[in-house]
file my_file_0.pdb (PDB, C-alpha atoms and all ligand atoms)
ATOM      1  CA  MET A1051      95.858 104.795  92.466
ATOM      2  CA  SER A1052      97.610 107.602  94.249
ATOM      3  CA  HIS A1053     100.507 105.345  95.241
ATOM      4  CA  VAL A1054     101.447 104.603  91.646
ATOM      5  CA  GLN A1055     103.778 107.431  90.774
ATOM      6  CA  THR A1056     107.311 107.815  89.531
ATOM      7  CA  ALA A1057     109.521 106.202  92.096
ATOM      8  CA  ALA A1058     113.264 106.469  92.633
ATOM      9  CA  SER A1059     115.220 105.563  89.500
ATOM     10  CA  ASP A1060     117.863 103.491  91.329
ATOM     11  CA  PRO A1061     118.998 100.971  88.663
ATOM     12  CA  SER A1062     119.723  98.326  91.332
ATOM     13  CA  LEU A1063     116.027  98.197  92.243
ATOM     14  CA  PRO A1064     113.586  95.819  90.549
ATOM     15  CA  ARG A1065     111.488  97.283  87.734
ATOM     16  CA  ALA A1066     108.338  97.395  89.879
ATOM     17  CA  ASN A1067     110.064  99.809  92.282
ATOM     18  CA  ARG A1068     110.506 102.260  89.417
ATOM     19  CA  VAL A1069     106.738 102.294  88.926
ATOM     20  CA  ILE A1070     105.327 101.891  92.406
ATOM     21  CA  ALA A1071     106.567 104.333  95.032
ATOM     22  CA  ILE A1072     106.301 102.738  98.448
ATOM     23  CA  PRO A1073     105.014 105.459 100.766
ATOM     24  CA  ASP A1074     107.050 106.442 103.814
ATOM     25  CA  PHE A1075     104.210 105.985 106.273
ATOM     26  CA  ARG A1076     104.643 106.829 109.958
ATOM     27  CA  LEU A1077     102.802 105.022 112.721
ATOM     28  CA  GLU A1078     101.738 107.355 115.509
ATOM     29  CA  GLU A1079      99.331 105.665 117.922
ATOM     30  CA  ARG A1080      96.892 103.823 115.646
ATOM     31  CA  LEU A1081      96.772 102.886 111.988
ATOM     32  CA  THR A1082      94.924 105.478 109.934
ATOM     33  CA  PRO A1083      92.235 104.462 107.395
ATOM     34  CA  GLU A1084      94.842 105.191 104.668
ATOM     35  CA  HIS A1085      97.276 102.720 106.285
ATOM     36  CA  VAL A1086      94.580 100.041 106.451
ATOM     37  CA  ASP A1087      93.542 100.663 102.819
ATOM     38  CA  PHE A1088      97.149 100.410 101.648
ATOM     39  CA  PHE A1089      97.747  97.204 103.605
ATOM     40  CA  GLU A1090      94.517  95.580 102.464
ATOM     41  CA  THR A1091      95.126  96.520  98.815
ATOM     42  CA  TYR A1092      98.798  95.593  98.455
ATOM     43  CA  GLY A1093      99.235  93.070 101.267
ATOM     44  CA  PHE A1094     102.075  94.974 102.937
ATOM     45  CA  ILE A1095     102.977  98.329 104.452
ATOM     46  CA  ARG A1096     106.208 100.004 105.592
ATOM     47  CA  PHE A1097     106.407 102.359 108.552
ATOM     48  CA  ARG A1098     109.498 104.544 108.654
ATOM     49  CA  ARG A1099     111.245 105.241 111.967
ATOM     50  CA  PHE A1100     108.921 103.144 114.096
ATOM     51  CA  ALA A1101     111.790 103.364 116.589
ATOM     52  CA  THR A1102     114.865 105.585 116.567
ATOM     53  CA  ARG A1103     118.133 104.372 115.067
ATOM     54  CA  ASP A1104     119.552 104.422 118.603
ATOM     55  CA  ALA A1105     116.782 102.142 119.870
ATOM     56  CA  ALA A1106     117.394  99.739 116.965
ATOM     57  CA  ALA A1107     121.151  99.840 117.636
ATOM     58  CA  ALA A1108     120.557  99.027 121.332
ATOM     59  CA  LEU A1109     118.463  95.981 120.357
ATOM     60  CA  TYR A1110     121.107  94.919 117.838
ATOM     61  CA  ALA A1111     123.753  95.140 120.592
ATOM     62  CA  ALA A1112     121.528  93.092 122.929
ATOM     63  CA  PHE A1113     121.115  90.497 120.168
ATOM     64  CA  ASN A1114     124.876  90.291 119.628
ATOM     65  CA  ALA A1115     125.378  89.810 123.387
ATOM     66  CA  LEU A1116     122.776  87.023 123.327
ATOM     67  CA  THR A1117     124.413  85.250 120.385
ATOM     68  CA  ALA A1118     127.829  85.489 122.088
ATOM     69  CA  ASP A1119     126.252  83.658 125.084
ATOM     70  CA  LEU A1120     124.622  81.072 122.819
ATOM     71  CA  VAL A1121     127.936  80.468 121.015
ATOM     72  CA  ALA A1122     129.744  80.103 124.360
ATOM     73  CA  ARG A1123     127.171  77.498 125.454
ATOM     74  CA  ASP A1124     127.200  75.867 121.981
ATOM     75  CA  THR A1125     123.406  75.996 121.926
ATOM     76  CA  SER A1126     121.829  74.206 118.974
ATOM     77  CA  VAL A1127     118.125  74.028 119.933
ATOM     78  CA  ILE A1128     115.818  76.308 121.936
ATOM     79  CA  ASN A1129     112.414  74.932 123.007
ATOM     80  CA  GLY A1130     112.622  72.303 120.255
ATOM     81  CA  VAL A1131     113.456  74.835 117.521
ATOM     82  CA  PRO A1132     116.878  74.351 115.888
ATOM     83  CA  LEU A1133     119.211  77.334 115.560
ATOM     84  CA  ILE A1134     121.028  78.006 112.302
ATOM     85  CA  LYS A1135     124.731  78.352 112.987
ATOM     86  CA  GLY A1136     127.336  79.705 110.622
ATOM     87  CA  ARG A1137     130.973  80.810 110.627
ATOM     88  CA  ARG A1138     132.323  84.213 109.695
ATOM     89  CA  ASP A1139     135.403  84.439 107.466
ATOM     90  CA  ASP A1140     137.537  84.948 110.610
ATOM     91  CA  GLY A1141     136.309  81.597 111.948
ATOM     92  CA  THR A1142     134.026  82.972 114.673
ATOM     93  CA  ALA A1143     130.568  81.417 115.007
ATOM     94  CA  PHE A1144     127.279  83.260 114.658
ATOM     95  CA  TYR A1145     123.606  82.337 114.364
ATOM     96  CA  GLY A1146     121.566  83.094 111.263
ATOM     97  CA  ARG A1147     118.222  82.514 112.955
ATOM     98  CA  VAL A1148     117.528  82.691 116.696
ATOM     99  CA  PRO A1149     114.025  81.863 118.051
ATOM    100  CA  PHE A1150     112.394  82.899 121.360
ATOM    101  CA  VAL A1151     114.600  85.993 121.681
ATOM    102  CA  SER A1152     112.120  87.852 123.917
ATOM    103  CA  LEU A1153     112.271  84.977 126.430
ATOM    104  CA  GLN A1154     116.018  85.370 126.630
ATOM    105  CA  ARG A1155     116.566  89.125 126.627
ATOM    106  CA  GLU A1156     114.465  91.624 128.597
ATOM    107  CA  GLU A1157     115.293  94.425 126.105
ATOM    108  CA  PHE A1158     113.250  92.606 123.460
ATOM    109  CA  ARG A1159     110.408  91.715 125.804
ATOM    110  CA  SER A1160     109.950  95.334 126.834
ATOM    111  CA  PHE A1161     110.239  96.542 123.217
ATOM    112  CA  LEU A1162     107.322  94.269 122.320
ATOM    113  CA  GLY A1163     105.358  95.990 125.095
ATOM    114  CA  ASP A1164     105.172  99.161 122.915
ATOM    115  CA  PRO A1165     101.401  99.843 122.752
ATOM    116  CA  ARG A1166     101.626 100.313 118.968
ATOM    117  CA  PHE A1167     102.146  96.563 118.553
ATOM    118  CA  GLN A1168      98.813  96.002 120.298
ATOM    119  CA  ALA A1169      97.297  98.727 118.074
ATOM    120  CA  ILE A1170      98.513  96.841 114.972
ATOM    121  CA  ILE A1171      96.934  93.647 116.306
ATOM    122  CA  ASP A1172      93.667  95.428 117.164
ATOM    123  CA  ASP A1173      93.477  97.014 113.709
ATOM    124  CA  LEU A1174      94.662  94.161 111.472
ATOM    125  CA  ALA A1175      94.397  90.910 113.441
ATOM    126  CA  PRO A1176      91.855  91.517 116.219
ATOM    127  CA  GLY A1177      91.874  88.937 118.997
ATOM    128  CA  SER A1178      95.458  87.822 118.241
ATOM    129  CA  ARG A1179      98.278  87.933 120.772
ATOM    130  CA  ILE A1180     102.060  88.205 120.856
ATOM    131  CA  GLY A1181     103.137  84.595 121.396
ATOM    132  CA  HIS A1182     106.452  84.972 123.210
ATOM    133  CA  ASP A1183     106.547  81.216 123.914
ATOM    134  CA  GLU A1184     104.483  79.897 120.959
ATOM    135  CA  ARG A1185     105.708  78.499 117.615
ATOM    136  CA  ASP A1186     109.213  80.019 117.239
ATOM    137  CA  GLY A1187     108.505  83.016 119.474
ATOM    138  CA  LEU A1188     110.252  86.265 118.544
ATOM    139  CA  VAL A1189     112.731  85.341 115.796
ATOM    140  CA  VAL A1190     115.800  87.337 114.834
ATOM    141  CA  ASN A1191     117.122  86.535 111.363
ATOM    142  CA  CYS A1192     120.670  87.562 110.505
ATOM    143  CA  PHE A1193     121.212  86.985 106.815
ATOM    144  CA  ARG A1194     124.868  87.090 105.710
ATOM    145  CA  ASN A1195     126.537  86.271 102.407
ATOM    146  CA  HIS A1196     129.836  84.394 102.630
ATOM    147  CA  ALA A1197     131.091  80.825 102.406
ATOM    148  CA  GLY A1198     130.452  79.946 106.077
ATOM    149  CA  ALA A1199     126.913  81.368 106.212
ATOM    150  CA  LYS A1200     124.014  78.929 105.840
ATOM    151  CA  TYR A1201     121.173  81.435 106.019
ATOM    152  CA  LYS A1202     121.958  83.677 103.049
ATOM    153  CA  ASN A1203     118.581  84.036 101.347
ATOM    154  CA  LEU A1204     115.134  82.426 101.196
ATOM    155  CA  GLY A1205     113.223  81.170  98.145
ATOM    156  CA  TRP A1206     109.711  82.244  97.261
ATOM    157  CA  HIS A1207     107.152  81.294  99.896
ATOM    158  CA  THR A1208     104.043  82.274 101.774
ATOM    159  CA  ASP A1209     104.255  82.231 105.572
ATOM    160  CA  SER A1210     100.705  80.914 105.861
ATOM    161  CA  LEU A1211     101.904  77.591 104.508
ATOM    162  CA  ARG A1212     103.604  77.095 107.846
ATOM    163  CA  ASP A1213     100.131  76.560 109.277
ATOM    164  CA  LEU A1214      99.742  73.564 106.980
ATOM    165  CA  ALA A1215     103.169  72.365 108.104
ATOM    166  CA  TYR A1216     101.829  72.501 111.657
ATOM    167  CA  PHE A1217      98.663  70.677 110.480
ATOM    168  CA  GLU A1218      96.492  73.741 110.957
ATOM    169  CA  LYS A1219      94.323  75.578 108.436
ATOM    170  CA  PRO A1220      96.262  78.490 106.881
ATOM    171  CA  ARG A1221      95.286  81.685 108.614
ATOM    172  CA  ARG A1222      95.470  85.230 107.497
ATOM    173  CA  TYR A1223      98.615  85.558 109.605
ATOM    174  CA  LEU A1224     100.156  88.954 110.053
ATOM    175  CA  ASN A1225     103.915  89.185 109.675
ATOM    176  CA  VAL A1226     105.508  92.050 111.568
ATOM    177  CA  GLY A1227     109.191  92.712 110.831
ATOM    178  CA  PHE A1228     111.417  95.206 112.623
ATOM    179  CA  SER A1229     114.776  96.156 111.085
ATOM    180  CA  LEU A1230     117.673  95.992 113.536
ATOM    181  CA  THR A1231     120.108  97.008 110.788
ATOM    182  CA  ASP A1232     119.815  98.956 107.532
ATOM    183  CA  SER A1233     118.490  97.020 104.563
ATOM    184  CA  PRO A1234     119.369  98.758 101.267
ATOM    185  CA  THR A1235     119.205  96.611  98.101
ATOM    186  CA  ARG A1236     122.904  95.723  98.288
ATOM    187  CA  VAL A1237     122.233  93.512 101.334
ATOM    188  CA  GLY A1238     119.454  91.698  99.468
ATOM    189  CA  GLY A1239     116.324  91.713 101.592
ATOM    190  CA  LEU A1240     112.601  91.381 101.262
ATOM    191  CA  ARG A1241     111.118  91.014  97.758
ATOM    192  CA  LEU A1242     107.394  90.548  97.407
ATOM    193  CA  LEU A1243     104.614  90.226  94.876
ATOM    194  CA  PRO A1244     102.084  92.902  95.798
ATOM    195  CA  CYS A1245      98.410  91.917  95.996
ATOM    196  CA  THR A1246      99.068  88.141  96.001
ATOM    197  CA  HIS A1247      97.520  87.865  99.481
ATOM    198  CA  ASN A1248      94.083  87.520  97.899
ATOM    199  CA  GLN A1249      94.673  83.970  96.692
ATOM    200  CA  SER A1250      93.132  80.579  97.365
ATOM    201  CA  ILE A1251      94.884  77.875  99.374
ATOM    202  CA  ALA A1252      95.294  75.976  96.083
ATOM    203  CA  SER A1253      97.170  78.798  94.387
ATOM    204  CA  MET A1254      99.208  79.341  97.543
ATOM    205  CA  LEU A1255     100.354  75.752  97.231
ATOM    206  CA  THR A1256     100.987  75.682  93.511
ATOM    207  CA  THR A1257     101.879  79.107  92.106
ATOM    208  CA  LYS A1258     105.561  78.782  92.943
ATOM    209  CA  THR A1259     107.480  75.906  94.455
ATOM    210  CA  HIS A1260     107.869  76.816  98.092
ATOM    211  CA  PHE A1261     111.464  77.629  99.105
ATOM    212  CA  PHE A1262     113.075  75.967  96.054
ATOM    213  CA  ASP A1263     112.490  78.837  93.662
ATOM    214  CA  MET A1264     115.060  81.609  94.169
ATOM    215  CA  THR A1265     114.711  83.391  90.819
ATOM    216  CA  PRO A1266     113.696  87.060  90.713
ATOM    217  CA  ASP A1267     110.128  87.598  89.495
ATOM    218  CA  PRO A1268     109.535  90.295  86.837
ATOM    219  CA  ASN A1269     106.810  91.790  89.051
ATOM    220  CA  GLU A1270     108.618  91.711  92.396
ATOM    221  CA  LEU A1271     108.938  94.775  94.579
ATOM    222  CA  ALA A1272     111.951  95.346  96.862
ATOM    223  CA  ILE A1273     111.149  96.596 100.348
ATOM    224  CA  THR A1274     114.178  98.520 101.521
ATOM    225  CA  THR A1275     114.350  99.625 105.135
ATOM    226  CA  GLU A1276     116.549 101.474 107.588
ATOM    227  CA  ALA A1277     117.285 100.368 111.127
ATOM    228  CA  GLY A1278     114.176 101.264 113.165
ATOM    229  CA  ASP A1279     111.658 100.767 110.319
ATOM    230  CA  LEU A1280     108.753  98.358 110.669
ATOM    231  CA  THR A1281     107.158  96.352 107.861
ATOM    232  CA  LEU A1282     103.935  94.377 107.944
ATOM    233  CA  HIS A1283     103.012  91.775 105.378
ATOM    234  CA  ASP A1284     100.075  89.448 105.016
ATOM    235  CA  GLY A1285     101.128  85.823 105.561
ATOM    236  CA  ARG A1286      99.456  84.774 102.294
ATOM    237  CA  LEU A1287     101.606  87.153 100.229
ATOM    238  CA  TRP A1288     104.326  85.592  98.051
ATOM    239  CA  HIS A1289     107.751  86.839  99.129
ATOM    240  CA  ARG A1290     111.424  85.874  99.316
ATOM    241  CA  THR A1291     114.657  87.119 100.830
ATOM    242  CA  ALA A1292     117.137  88.118  98.141
ATOM    243  CA  LEU A1293     120.831  87.282  98.360
ATOM    244  CA  ALA A1294     123.076  90.227  99.202
ATOM    245  CA  GLN A1295     125.073  91.710  96.319
ATOM    246  CA  VAL A1296     128.013  92.209  98.681
ATOM    247  CA  THR A1297     129.768  89.668 100.907
ATOM    248  CA  GLY A1298     131.216  89.353 104.400
ATOM    249  CA  ASP A1299     130.288  91.681 107.285
ATOM    250  CA  ALA A1300     128.977  94.296 104.829
ATOM    251  CA  SER A1301     126.250  91.825 103.785
ATOM    252  CA  GLU A1302     124.753  91.421 107.254
ATOM    253  CA  ARG A1303     121.026  92.145 107.520
ATOM    254  CA  CYS A1304     119.250  91.565 110.854
ATOM    255  CA  VAL A1305     115.488  91.696 111.081
ATOM    256  CA  MET A1306     113.195  90.405 113.792
ATOM    257  CA  TYR A1307     109.765  88.902 113.244
ATOM    258  CA  LEU A1308     107.014  88.980 115.857
ATOM    259  CA  PRO A1309     104.931  85.926 116.680
ATOM    260  CA  ILE A1310     101.344  87.149 116.169
ATOM    261  CA  MET A1311      99.194  84.190 117.166
ATOM    262  CA  ASP A1312      95.526  83.308 117.383
ATOM    263  CA  GLY A1313      93.695  80.035 117.970
ATOM    264  CA  PRO A1314      94.530  77.586 120.716
ATOM    265  CA  LEU A1315      97.474  78.409 122.953
ATOM    266  CA  LYS A1316     100.279  75.872 122.468
ATOM    267  CA  ARG A1317     103.153  76.883 124.699
ATOM    268  CA  LYS A1318     106.674  75.706 123.897
ATOM    269  CA  THR A1319     109.043  74.632 126.650
ATOM    270  CA  ALA A1320     112.520  73.130 126.882
ATOM    271  CA  ALA A1321     110.793  69.721 126.591
ATOM    272  CA  SER A1322     109.132  70.564 123.232
ATOM    273  CA  ALA A1323     109.947  68.268 120.303
ATOM    274  CA  THR A1324     111.355  69.612 117.025
ATOM    275  CA  PRO A1325     108.470  70.181 114.548
ATOM    276  CA  ALA A1326     108.618  68.052 111.368
ATOM    277  CA  TYR A1327     108.727  71.291 109.366
ATOM    278  CA  PHE A1328     112.322  71.920 110.466
ATOM    279  CA  HIS A1329     113.449  68.539 109.235
ATOM    280  CA  LEU A1330     112.129  69.582 105.813
ATOM    281  CA  LYS A1331     114.002  72.875 106.071
ATOM    282  CA  LYS A1332     117.176  70.942 106.879
ATOM    283  CA  LEU A1333     116.718  68.948 103.688
ATOM    284  CA  LEU A1334     116.613  72.263 101.848
ATOM    285  CA  GLY A1335     119.926  73.217 103.429
ATOM    286  CA  TYR A1336     118.735  75.843 105.975
TER     287      TYR A1336
HETATM  288  O1  LIG A1401     113.914  88.607 104.933
HETATM  289  C1  LIG A1401     112.824  88.915 105.401
HETATM  290  O2  LIG A1401     112.587  90.026 105.860
HETATM  291  C2  LIG A1401     111.700  87.910 105.353
HETATM  292  C3  LIG A1401     112.041  86.623 106.018
HETATM  293  C4  LIG A1401     110.933  85.641 105.814
HETATM  294  O3  LIG A1401     110.198  85.755 104.874
HETATM  295  C5  LIG A1401     110.673  84.541 106.760
HETATM  296  O4  LIG A1401     111.482  84.348 107.687
HETATM  297  O5  LIG A1401     109.671  83.869 106.591
HETATM  298 FE    FE A1402     108.387  84.665 105.094
END
call {"tool": "encode", "arguments": {"input": "my_file_0.pdb", "output": "structure tokens"}}
result
Amino acid sequence: MSHVQTAASDPSLPRANRVIAIPDFRLEERLTPEHVDFFETYGFIRFRRFATRDAAAALYAAFNALTADLVARDTSVINGVPLIKGRRDDGTAFYGRVPFVSLQREEFRSFLGDPRFQAIIDDLAPGSRIGHDERDGLVVNCFRNHAGAKYKNLGWHTDSLRDLAYFEKPRRYLNVGFSLTDSPTRVGGLRLLPCTHNQSIASMLTTKTHFFDMTPDPNELAITTEAGDLTLHDGRLWHRTALAQVTGDASERCVMYLPIMDGPLKRKTAASATPAYFHLKKLLGY
């Protein structure tokens, strides 16, 4: 395998990162056959500088303006989906997870109009659509590590299981993440088990205990990113969000996830009820 080569010897990285070098792919207009092969083999891919740092910073600023509005209005639910609120050390409120962001801020809606998002869908999930008002819509996660933060990390899970939570058959489900801020290992971040996307529904349900298990896996790979990078992972792949090694503002990591949908269109509105799945999450403390 040409991708297995000596990788960076950063001691803070998991062992697998010292063996597997994650290529710095670039996405021009379409995915190349090499991109597709990499994604299909490992279940993920990272594209460097999908957008400029300035473009990522502008979106991050728009997100902060949105959260300031949401805090001022004391918003706790959007279209039936609960928001996760926390407090910084200085007492100010922030949100760890905001759904339907592209419905609330034009900057995000137009960013999702980049034709390369449609190219990703055409190449890896043909027939799917960007569901601005479906499920949770465009979600921005802001993981932070301090006493007042509720959304600090996530246990091992597969995103496809969410389909079961919504009483639908688990789909292949493409997860598209865009980094609004830098994500070196010190802020925790995405850890995944490469190649686990080729598993049965049974093993998806039983291999690890969804969301409860936070322990590092000896075979996990850390996906570090910089603001502007894009990562794709298969929804059946086992992954988690690691806790930051630092605390306070320095631990902040903001990443947005696109709603790539197929199947019947189920639009959410202000009248939508909270899905049972979120009550379960609440039990888990998120
Ligand atoms: O931290 C990340 O990038 C992944 C978050 C995640 O897995 C999720 O929200 O389902
Ligand atoms: Fe996930």
call {"tool": "axis_aligned_box", "arguments": {"input": "my_file_0.pdb", "around": "ligand LIG 1401 (chain A)", "padding_each_side": "4 Å", "output": "JSON"}}
result
{"center_x": 111.8, "center_y": 86.9, "center_z": 106.3, "size_x": 12.2, "size_y": 14.2, "size_z": 10.8}
call {"tool": "closest_residue", "arguments": {"input": "my_file_0.pdb", "among": "A:Arg1080, A:Arg1241, A:Lys1316, A:His1207", "to": "ligand FE 1402 (chain A)", "atoms": "only C-alpha atoms and all ligand atoms"}}
result
A:His1207
call {"tool": "residues_near_ligand", "arguments": {"input": "my_file_0.pdb", "ligand": "ligand FE 1402 (chain A)", "cutoff": "9 Å", "atoms": "all atoms listed in the file", "output": "list in words"}}
result
Leu1204, Trp1206, His1207, Thr1208, Asp1209, Ser1210, Asn1225, Leu1240, His1283, Gly1285, Leu1287, Trp1288, His1289, Arg1290 and Thr1291 of chain A
call {"tool": "residues_around", "arguments": {"input": "my_file_0.pdb", "residues": "segment 1117-1131 of chain A", "least_positions_apart": "4", "cutoff": "12 Å", "atoms": "all atoms listed in the file", "output": "ChimeraX atom specification"}}
result
/A:1110-1113,1135-1137,1142-1151,1153-1155,1182-1192,1317-1329,1331-1332
call {"tool": "closest_residue", "arguments": {"input": "my_file_0.pdb", "among": "A:Lys1202, A:His1247, A:Arg1159, A:His1085", "to": "ligand LIG 1401 (chain A)", "atoms": "only C-alpha atoms and all ligand atoms"}}
result
A:Lys1202
call {"tool": "closest_residue", "arguments": {"input": "my_file_0.pdb", "among": "A:Gly1181, A:Gly1278, A:Gly1141, A:Gly1163", "to": "Leu1077 of chain A", "atoms": "all atoms listed in the file"}}
result
A:Gly1278
call {"tool": "residues_around", "arguments": {"input": "my_file_0.pdb", "residues": "segment 1295-1303 of chain A", "least_positions_apart": "2", "cutoff": "6 Å", "atoms": "all atoms listed in the file", "output": "list in words"}}
result
Cys1192, Phe1193, Arg1194, Asn1195, His1196, Thr1231, Arg1236 and Val1237 of chain A
call {"tool": "closest_residue", "arguments": {"input": "my_file_0.pdb", "among": "A:Asp1232, A:Asp1060, A:Asp1267, A:Glu1157", "to": "ligand LIG 1401 (chain A)", "atoms": "all atoms listed in the file"}}
result
A:Asp1232
call {"tool": "resolve_selection", "arguments": {"input": "my_file_0.pdb", "expression": "the PyMOL selection byres (((chain A and resi 1176) around 12) and not hetatm)", "output": "ChimeraX atom specification"}}
result
/A:1167-1175,1177-1180,1222-1224,1310-1313
call {"tool": "closest_residue", "arguments": {"input": "my_file_0.pdb", "among": "A:Ala1272, A:Val1305, A:Ile1134, A:Leu1116", "to": "ligand LIG 1401 (chain A)", "atoms": "all atoms listed in the file"}}
result
A:Val1305
call {"tool": "residues_around", "arguments": {"input": "my_file_0.pdb", "residues": "Ile1095 of chain A", "least_positions_apart": "6", "cutoff": "10 Å", "atoms": "only C-alpha atoms", "output": "PDB file with C-alpha atoms, in the coordinates of the input"}}
result
ATOM      1  CA  ILE A1072     106.301 102.738  98.448  1.00  0.00           C
ATOM      2  CA  PRO A1073     105.014 105.459 100.766  1.00  0.00           C
ATOM      3  CA  ASP A1074     107.050 106.442 103.814  1.00  0.00           C
ATOM      4  CA  PHE A1075     104.210 105.985 106.273  1.00  0.00           C
ATOM      5  CA  HIS A1085      97.276 102.720 106.285  1.00  0.00           C
ATOM      6  CA  VAL A1086      94.580 100.041 106.451  1.00  0.00           C
ATOM      7  CA  ASP A1087      93.542 100.663 102.819  1.00  0.00           C
ATOM      8  CA  PHE A1088      97.149 100.410 101.648  1.00  0.00           C
ATOM      9  CA  PHE A1089      97.747  97.204 103.605  1.00  0.00           C
ATOM     10  CA  VAL A1226     105.508  92.050 111.568  1.00  0.00           C
ATOM     11  CA  ILE A1273     111.149  96.596 100.348  1.00  0.00           C
ATOM     12  CA  LEU A1280     108.753  98.358 110.669  1.00  0.00           C
ATOM     13  CA  THR A1281     107.158  96.352 107.861  1.00  0.00           C
ATOM     14  CA  LEU A1282     103.935  94.377 107.944  1.00  0.00           C
ATOM     15  CA  HIS A1283     103.012  91.775 105.378  1.00  0.00           C
ATOM     16  CA  ASP A1284     100.075  89.448 105.016  1.00  0.00           C
TER      17      ASP A1284
END
call {"tool": "closest_residue", "arguments": {"input": "my_file_0.pdb", "among": "A:Ser1229, A:Gln1249, A:Thr1235, A:Asn1269", "to": "ligand LIG 1401 (chain A)", "atoms": "all atoms listed in the file"}}
result
A:Ser1229
call {"tool": "resolve_selection", "arguments": {"input": "my_file_0.pdb", "expression": "the PyMOL selection byres (((chain A and resi 1099) around 8) and not hetatm)", "output": "VMD selection string"}}
result
chain A and resid 1076 1097 to 1098 1100 to 1103 1276 to 1280
call {"tool": "atom_distance", "arguments": {"input": "my_file_0.pdb", "atom1": "atom O1 of ligand LIG 1401 (chain A)", "atom2": "atom CA of Thr1275 of chain A"}}
result
11.0 Å
call {"tool": "atom_distance", "arguments": {"input": "my_file_0.pdb", "atom1": "atom CA of Arg1096 of chain A", "atom2": "atom O2 of ligand LIG 1401 (chain A)"}}
result
11.8 Å
call {"tool": "atom_distance", "arguments": {"input": "my_file_0.pdb", "atom1": "atom O1 of ligand LIG 1401 (chain A)", "atom2": "atom CA of Ala1199 of chain A"}}
result
14.9 Å
call {"tool": "resolve_selection", "arguments": {"input": "my_file_0.pdb", "expression": "the PyMOL selection byres (((chain A and resi 1292) around 6) and not hetatm)", "output": "ChimeraX atom specification"}}
result
/A:1203,1238-1239,1291,1293
call {"tool": "build_atoms", "arguments": {"input": "my_file_0.pdb", "residues": "segment 1084-1099 of chain A", "atoms": "N, CA and C atoms", "output": "PDB file, in the coordinates of the input"}}
result
ATOM      1  N   GLU A1084      93.961 105.289 105.847  1.00  0.00           N
ATOM      2  CA  GLU A1084      94.842 105.191 104.668  1.00  0.00           C
ATOM      3  C   GLU A1084      95.833 104.027 104.821  1.00  0.00           C
ATOM      4  N   HIS A1085      96.373 103.859 106.040  1.00  0.00           N
ATOM      5  CA  HIS A1085      97.276 102.720 106.285  1.00  0.00           C
ATOM      6  C   HIS A1085      96.558 101.397 106.033  1.00  0.00           C
ATOM      7  N   VAL A1086      95.337 101.302 106.577  1.00  0.00           N
ATOM      8  CA  VAL A1086      94.580 100.041 106.451  1.00  0.00           C
ATOM      9  C   VAL A1086      94.263  99.781 104.971  1.00  0.00           C
ATOM     10  N   ASP A1087      93.843 100.823 104.255  1.00  0.00           N
ATOM     11  CA  ASP A1087      93.542 100.663 102.819  1.00  0.00           C
ATOM     12  C   ASP A1087      94.764 100.187 102.059  1.00  0.00           C
ATOM     13  N   PHE A1088      95.919 100.793 102.348  1.00  0.00           N
ATOM     14  CA  PHE A1088      97.149 100.410 101.648  1.00  0.00           C
ATOM     15  C   PHE A1088      97.476  98.950 101.925  1.00  0.00           C
ATOM     16  N   PHE A1089      97.415  98.584 103.211  1.00  0.00           N
ATOM     17  CA  PHE A1089      97.747  97.204 103.605  1.00  0.00           C
ATOM     18  C   PHE A1089      96.785  96.206 102.960  1.00  0.00           C
ATOM     19  N   GLU A1090      95.503  96.518 103.009  1.00  0.00           N
ATOM     20  CA  GLU A1090      94.517  95.580 102.464  1.00  0.00           C
ATOM     21  C   GLU A1090      94.643  95.451 100.944  1.00  0.00           C
ATOM     22  N   THR A1091      95.025  96.540 100.282  1.00  0.00           N
ATOM     23  CA  THR A1091      95.126  96.520  98.815  1.00  0.00           C
ATOM     24  C   THR A1091      96.387  95.786  98.348  1.00  0.00           C
ATOM     25  N   TYR A1092      97.518  96.132  98.944  1.00  0.00           N
ATOM     26  CA  TYR A1092      98.798  95.593  98.455  1.00  0.00           C
ATOM     27  C   TYR A1092      99.303  94.390  99.237  1.00  0.00           C
ATOM     28  N   GLY A1093      98.796  94.218 100.456  1.00  0.00           N
ATOM     29  CA  GLY A1093      99.235  93.070 101.267  1.00  0.00           C
ATOM     30  C   GLY A1093     100.469  93.357 102.109  1.00  0.00           C
ATOM     31  N   PHE A1094     100.924  94.612 102.089  1.00  0.00           N
ATOM     32  CA  PHE A1094     102.075  94.974 102.937  1.00  0.00           C
ATOM     33  C   PHE A1094     102.014  96.465 103.220  1.00  0.00           C
ATOM     34  N   ILE A1095     102.815  96.897 104.190  1.00  0.00           N
ATOM     35  CA  ILE A1095     102.977  98.329 104.452  1.00  0.00           C
ATOM     36  C   ILE A1095     104.315  98.536 105.156  1.00  0.00           C
ATOM     37  N   ARG A1096     104.933  99.696 104.916  1.00  0.00           N
ATOM     38  CA  ARG A1096     106.208 100.004 105.592  1.00  0.00           C
ATOM     39  C   ARG A1096     106.051 101.278 106.414  1.00  0.00           C
ATOM     40  N   PHE A1097     106.403 101.189 107.682  1.00  0.00           N
ATOM     41  CA  PHE A1097     106.407 102.359 108.552  1.00  0.00           C
ATOM     42  C   PHE A1097     107.849 102.772 108.801  1.00  0.00           C
ATOM     43  N   ARG A1098     108.161 104.015 108.428  1.00  0.00           N
ATOM     44  CA  ARG A1098     109.498 104.544 108.654  1.00  0.00           C
ATOM     45  C   ARG A1098     109.656 104.950 110.120  1.00  0.00           C
ATOM     46  N   ARG A1099     110.864 104.793 110.616  1.00  0.00           N
ATOM     47  CA  ARG A1099     111.245 105.241 111.967  1.00  0.00           C
ATOM     48  C   ARG A1099     110.226 104.888 113.033  1.00  0.00           C
TER      49      ARG A1099
END
